[in-house]
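**Student:** The structure's right below; bear with me while I get my questions together.
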Amino acid sequence: MKDNNHFPSLFSFSLIPFALSGLTIAIAGTHSSGTMAQADYGIEEVTVTARKREENLQQTPVSITAIGGDAISDSAIGSITEIESLSPNLNFTVGTGGGSSSVNAFIRGVGEFDFLLTKDPAVGLYIDGVYMARTFGANMELADIERIEVLRGPQGTLFGKNTIGGAINVVTRKPDDTISYSLEVTRGSHGYRAANAYFQLPLSETLSASLSTIVKKSDGWQQRPGGDAGDDDVSAGRLRLAWTPSEFFESQLSIDAVHQRQNSYPNAMLAWNDNAIFALLQNALLEPCCTPTKDIDGSGAASTQLLRDDLDGSGINWINEWALDTVTVKSVTAYREMEALFGRDGDNSALNYAGDVHDQNHRQFSQELQLSSAAFDEKMQWTAGLYYFSETTRDQTRLVTAEGLHGALAALPQPLLFPGEAIAFDLTVDFDNRQQSDSLAAFFHSSYAFDEQWSLTAGARYTQEEKTFEQSATRIASGLPLLLPDISADNPFATPGEACSDLTPDGSYRCTQQWYEFSPSWAWNTSSTRS
């Protein structure tokens with residue numbers, strides 16, 4: 001969700017990119033010829049790679065929106081979540097845990113609100129062909145974007161990781177054999193200042209490099225005792241190498257990193273019910289709480305423990321492509337790691353009545369092999385692929401609910417509350433969640449053109465996936481497990497479902513499940529042209 005409170009357009013200047021080729025100045029990536037070009041009012045040809053090959057957007061039988069780098073720059077888009085204004089049927093929601101780096105995308109109403117590690121995104125995010133498994137840390141700053149492609153609908157036969165809602169494919173700029181650079185500095189209200197730089201140069205006749213960086217800071221606009229919300233303090237960079245030793249082989253290596261230290265995003269308490277059971281007990285036994293927000297520019301949230309929005313991440317992506325006699329072979333190898341600490345103080349006060357904080361650690365590795373070619377006098381275009389993906393994620397969460405209430409209830413005389421009954425109100429809990437996921441897939445996509453108007457698209461996908469999830473949860477005040485044995489059952493330690501183990505004495509359990517799926521698909525496509 002774009003924050004319009006900074007008004008960065010109040011002061012902005014830019015050093016226009018230029019290419020050193022006989023000192024010829026280029027504006028927006030074009031060379032000045034010294035003569036006025038004749039106006040061309042035809043439809044601009046937009047090239048996309050959504051189907052793993054370069055083709056004209058107008059002739060691609062896929063529901064897709066392509067957003068070029070110029071459109072991103074002209075619209076002052078600074079992060080992935082801001083492209084919703086340029087793409088129909090695409091919406092983003094703010095993460096539920098207080099972290100601004102989370103991407104919760106919806107295409108045609110299909111998406112996922114939560115960032116829980118047990119849920120895969122319904123809309124997949126790909127950066128240079130690499131799938132981003134977790135929504136936190138995915139809202140990257142855009143510094144060297146060539147284009148963004150938004151594909152609607154299931155994408156199991158085109159991408160290694162299956163997604164049911166669609167895909168957002170971010171393509172970064174590949175360095176070429178020219179020297180060029182750009183620098184943009186922006187100032188705005190609330191102490192907003194940002195710098196965005198890009199530099200590329202050839203290192204030899206076959207090797208080129210580029211470096212992009214972005215730094216953004218601001219003071220925040222929602223005043224609160226625990227640190228003003230809506231602030232910015234993020235820096236990111238990407239180093240990219242492109243090696244082309246021959247016309248038959250190309251290799252690209254990309255390394256990126258991000259560092260963020262911010263307060264959690266602004267929120268507001270809309271209503272408070274003094275007659276709710278927890279509210280009655282809180283007001284009677286502890287301190288009165290809470291007061292709904294009267295002015296969005298201010299909040300009473302004061303918990304330094306919960307008001308965090310920190311992120312550290314890095315990744316490496318290695319792409320190799322061979323152009324053989326009749327087949328193009330492409331390998332995409334990637335590794336990413338991300339650590340995030342973010343929280344939310346939901347009671348609009350200095351009390352710890354409602355809130356949560358999440359400490360997440362994520363590692364992922366993926367390997368994709370693609371083969372593409374044409375047949376039958378290029379009437380048929382096809383792509384086949386093999387995909388392997390592995391991730392390890394840990395989420396340590398503290399859920400705060402009326403902290404201190406258990407102790408106040410336990411101190412009451414026994415006629416008012418029997419021993420052990422206070423445990424039902426000991427709901428400030430530490431969760432330790434871990435998940436290991438491994439996935440193998442094979443996919444095939446083809447399109448056969450009968451003539452200029454009619455074509456048939458067919459594909460298939462086979463997926464094999466295994467996930468192992470472990471959880472332990474401890475009540476903070478009493479130190480007891482959240483899940484206790486059911487002494488009335490035949491097996492007091494049993495858990496629902498055949499995929500999960502019995503409870504251990506400390507209340508933890510483990511679940512493992514496998515999936516096997518074969519999914520064919522086909523569609524008739526028709527197009528018409530008009531002079």
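Ordering of the structure tokens sets the chain letters (A, B, ...), residue numbers begin anew at 1 in every chain, and ligands are numbered from 1 in the order given.
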For Leu456 (chain A), please output as a compact mmCIF listing (two decimals) with all heavy atoms, in the first residue's frame all residues within 9 Å (counting only C-alpha atoms; exclusion window: fewer than 2 positions along the same chain).

**Tutor:**
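The resulting file, result-v4.txt, is reproduced below:
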```txt
# COMPACT_ATOMS: atom_id res chain seq x y z
N SER A 446 2.81 -25.94 -24.34
CA SER A 446 2.98 -25.83 -25.79
C SER A 446 1.84 -25.03 -26.39
O SER A 446 0.73 -24.94 -25.82
CB SER A 446 3.02 -27.22 -26.43
OG SER A 446 1.78 -27.89 -26.27
N SER A 447 2.12 -24.45 -27.54
CA SER A 447 1.11 -23.68 -28.27
C SER A 447 1.28 -23.97 -29.76
O SER A 447 2.39 -23.82 -30.30
CB SER A 447 1.25 -22.18 -27.99
OG SER A 447 0.31 -21.43 -28.73
N TYR A 448 0.20 -24.38 -30.41
CA TYR A 448 0.25 -24.70 -31.84
C TYR A 448 -0.68 -23.74 -32.58
O TYR A 448 -1.88 -23.63 -32.27
CB TYR A 448 -0.19 -26.14 -32.10
CG TYR A 448 -0.04 -26.57 -33.54
CD1 TYR A 448 1.14 -27.15 -33.98
CD2 TYR A 448 -1.08 -26.38 -34.46
CE1 TYR A 448 1.30 -27.54 -35.31
CE2 TYR A 448 -0.94 -26.76 -35.79
CZ TYR A 448 0.26 -27.33 -36.20
OH TYR A 448 0.41 -27.70 -37.51
N ALA A 449 -0.12 -23.02 -33.56
CA ALA A 449 -0.88 -22.04 -34.33
C ALA A 449 -1.36 -22.68 -35.63
O ALA A 449 -0.54 -23.01 -36.52
CB ALA A 449 -0.02 -20.82 -34.63
N PHE A 450 -2.66 -22.87 -35.77
CA PHE A 450 -3.23 -23.42 -37.00
C PHE A 450 -3.21 -22.39 -38.12
O PHE A 450 -2.98 -22.72 -39.28
CB PHE A 450 -4.65 -23.90 -36.75
CG PHE A 450 -4.72 -25.08 -35.83
CD1 PHE A 450 -4.91 -24.90 -34.46
CD2 PHE A 450 -4.57 -26.37 -36.31
CE1 PHE A 450 -4.97 -25.99 -33.61
CE2 PHE A 450 -4.64 -27.47 -35.46
CZ PHE A 450 -4.82 -27.27 -34.10
N TRP A 454 -6.37 -18.88 -35.17
CA TRP A 454 -6.66 -19.97 -34.24
C TRP A 454 -5.38 -20.64 -33.77
O TRP A 454 -4.46 -20.87 -34.55
CB TRP A 454 -7.56 -21.01 -34.90
CG TRP A 454 -8.94 -20.52 -35.20
CD1 TRP A 454 -9.38 -20.00 -36.38
CD2 TRP A 454 -10.04 -20.48 -34.31
NE1 TRP A 454 -10.70 -19.64 -36.29
CE2 TRP A 454 -11.14 -19.93 -35.01
CE3 TRP A 454 -10.22 -20.86 -32.98
CZ2 TRP A 454 -12.38 -19.75 -34.43
CZ3 TRP A 454 -11.46 -20.69 -32.39
CH2 TRP A 454 -12.53 -20.14 -33.12
N ALA A 458 -1.76 -26.23 -24.83
CA ALA A 458 -1.91 -27.41 -23.98
C ALA A 458 -0.71 -27.52 -23.06
O ALA A 458 0.40 -27.08 -23.40
CB ALA A 458 -2.06 -28.68 -24.82
N TRP A 522 -5.66 -27.37 -21.19
CA TRP A 522 -5.65 -26.99 -22.59
C TRP A 522 -6.66 -25.87 -22.81
O TRP A 522 -7.55 -25.64 -21.99
CB TRP A 522 -6.00 -28.18 -23.48
CG TRP A 522 -7.40 -28.70 -23.30
CD1 TRP A 522 -7.83 -29.61 -22.39
CD2 TRP A 522 -8.56 -28.31 -24.06
NE1 TRP A 522 -9.18 -29.83 -22.51
CE2 TRP A 522 -9.66 -29.04 -23.55
CE3 TRP A 522 -8.77 -27.43 -25.11
CZ2 TRP A 522 -10.93 -28.90 -24.04
CZ3 TRP A 522 -10.06 -27.29 -25.63
CH2 TRP A 522 -11.12 -28.03 -25.09
N ALA A 523 -6.48 -25.14 -23.91
CA ALA A 523 -7.38 -24.02 -24.21
C ALA A 523 -7.29 -23.68 -25.70
O ALA A 523 -6.21 -23.74 -26.30
CB ALA A 523 -7.03 -22.80 -23.38
N TRP A 524 -8.44 -23.32 -26.29
CA TRP A 524 -8.48 -22.78 -27.64
C TRP A 524 -8.29 -21.28 -27.56
O TRP A 524 -8.85 -20.61 -26.70
CB TRP A 524 -9.82 -23.08 -28.31
CG TRP A 524 -9.94 -24.46 -28.87
CD1 TRP A 524 -10.63 -25.51 -28.33
CD2 TRP A 524 -9.37 -24.94 -30.09
NE1 TRP A 524 -10.51 -26.63 -29.12
CE2 TRP A 524 -9.74 -26.30 -30.21
CE3 TRP A 524 -8.57 -24.37 -31.08
CZ2 TRP A 524 -9.35 -27.07 -31.29
CZ3 TRP A 524 -8.18 -25.15 -32.16
CH2 TRP A 524 -8.56 -26.48 -32.26
N ASN A 525 -7.50 -20.73 -28.46
CA ASN A 525 -7.26 -19.29 -28.49
C ASN A 525 -7.62 -18.76 -29.88
O ASN A 525 -7.32 -19.37 -30.90
CB ASN A 525 -5.79 -18.98 -28.21
CG ASN A 525 -5.31 -19.63 -26.93
OD1 ASN A 525 -5.83 -19.37 -25.85
ND2 ASN A 525 -4.32 -20.52 -27.06
N THR A 526 -8.28 -17.61 -29.88
CA THR A 526 -8.62 -16.94 -31.12
C THR A 526 -8.28 -15.48 -31.03
O THR A 526 -8.35 -14.88 -29.95
CB THR A 526 -10.11 -17.11 -31.45
OG1 THR A 526 -10.40 -16.48 -32.70
CG2 THR A 526 -10.99 -16.50 -30.36
```

**Student:** List the spatial neighbours of region 102-112 of chain A as a PyMOL selection string - criterion: any atom at most 12 Å away, only C-alpha atoms, same-chain residues fewer than 6 positions off excluded.

**Tutor:** chain A and resi 1+63-65+79-84+87-96+118-125+132-140+150-154+163-168+264-265+309-311+340-342

**Student:** Excluding same-chain residues fewer than 4 positions from Asp233 (chain A), what lies within 10 Å of it counting only C-alpha atoms, as a PyMOL selection string?

**Tutor:** chain A and resi 192-194+215-220+259-263+309-310

**Student:** Between A:Ala236, A:Leu306, A:Met380, A:Leu483, which residue has the minimum interatomic distance to Val357 (chain A), considering only C-alpha atoms?

**Tutor:**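 Looking only at the distances to Val357 (chain A), the closest residue turns out to be A:Leu306.
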
**Student:** Under the rule that only C-alpha atoms are counted, which of A:Gln155, A:Thr293, A:Asn433, A:Ser372 is the nearest residue to His358 (chain A)?

**Tutor:** A:Asn433

**Student:** Taking 2 positions as the minimum chain separation for residues in the same chain, which residues sit within 9 Å of Leu409 (chain A) when counting only C-alpha atoms? Answer as a PyMOL selection string.

**Tutor:** chain A and resi 281+285+404-407+411-413+417+421-422+425

**Student:** Enumerate, as a PyMOL selection string, the complete set of residues in region 367-406 of chain A that a backbone-based DSSP assignment places in strand (DSSP E or B).

**Tutor:** chain A and resi 367-375+380-401

**Student:** Measuring atom to atom with only C-alpha atoms, identify which of A:Gly78, A:Pro481, A:Gly156, A:Pro202 is nearest to Pro175 (chain A).

**Tutor:** A:Pro202
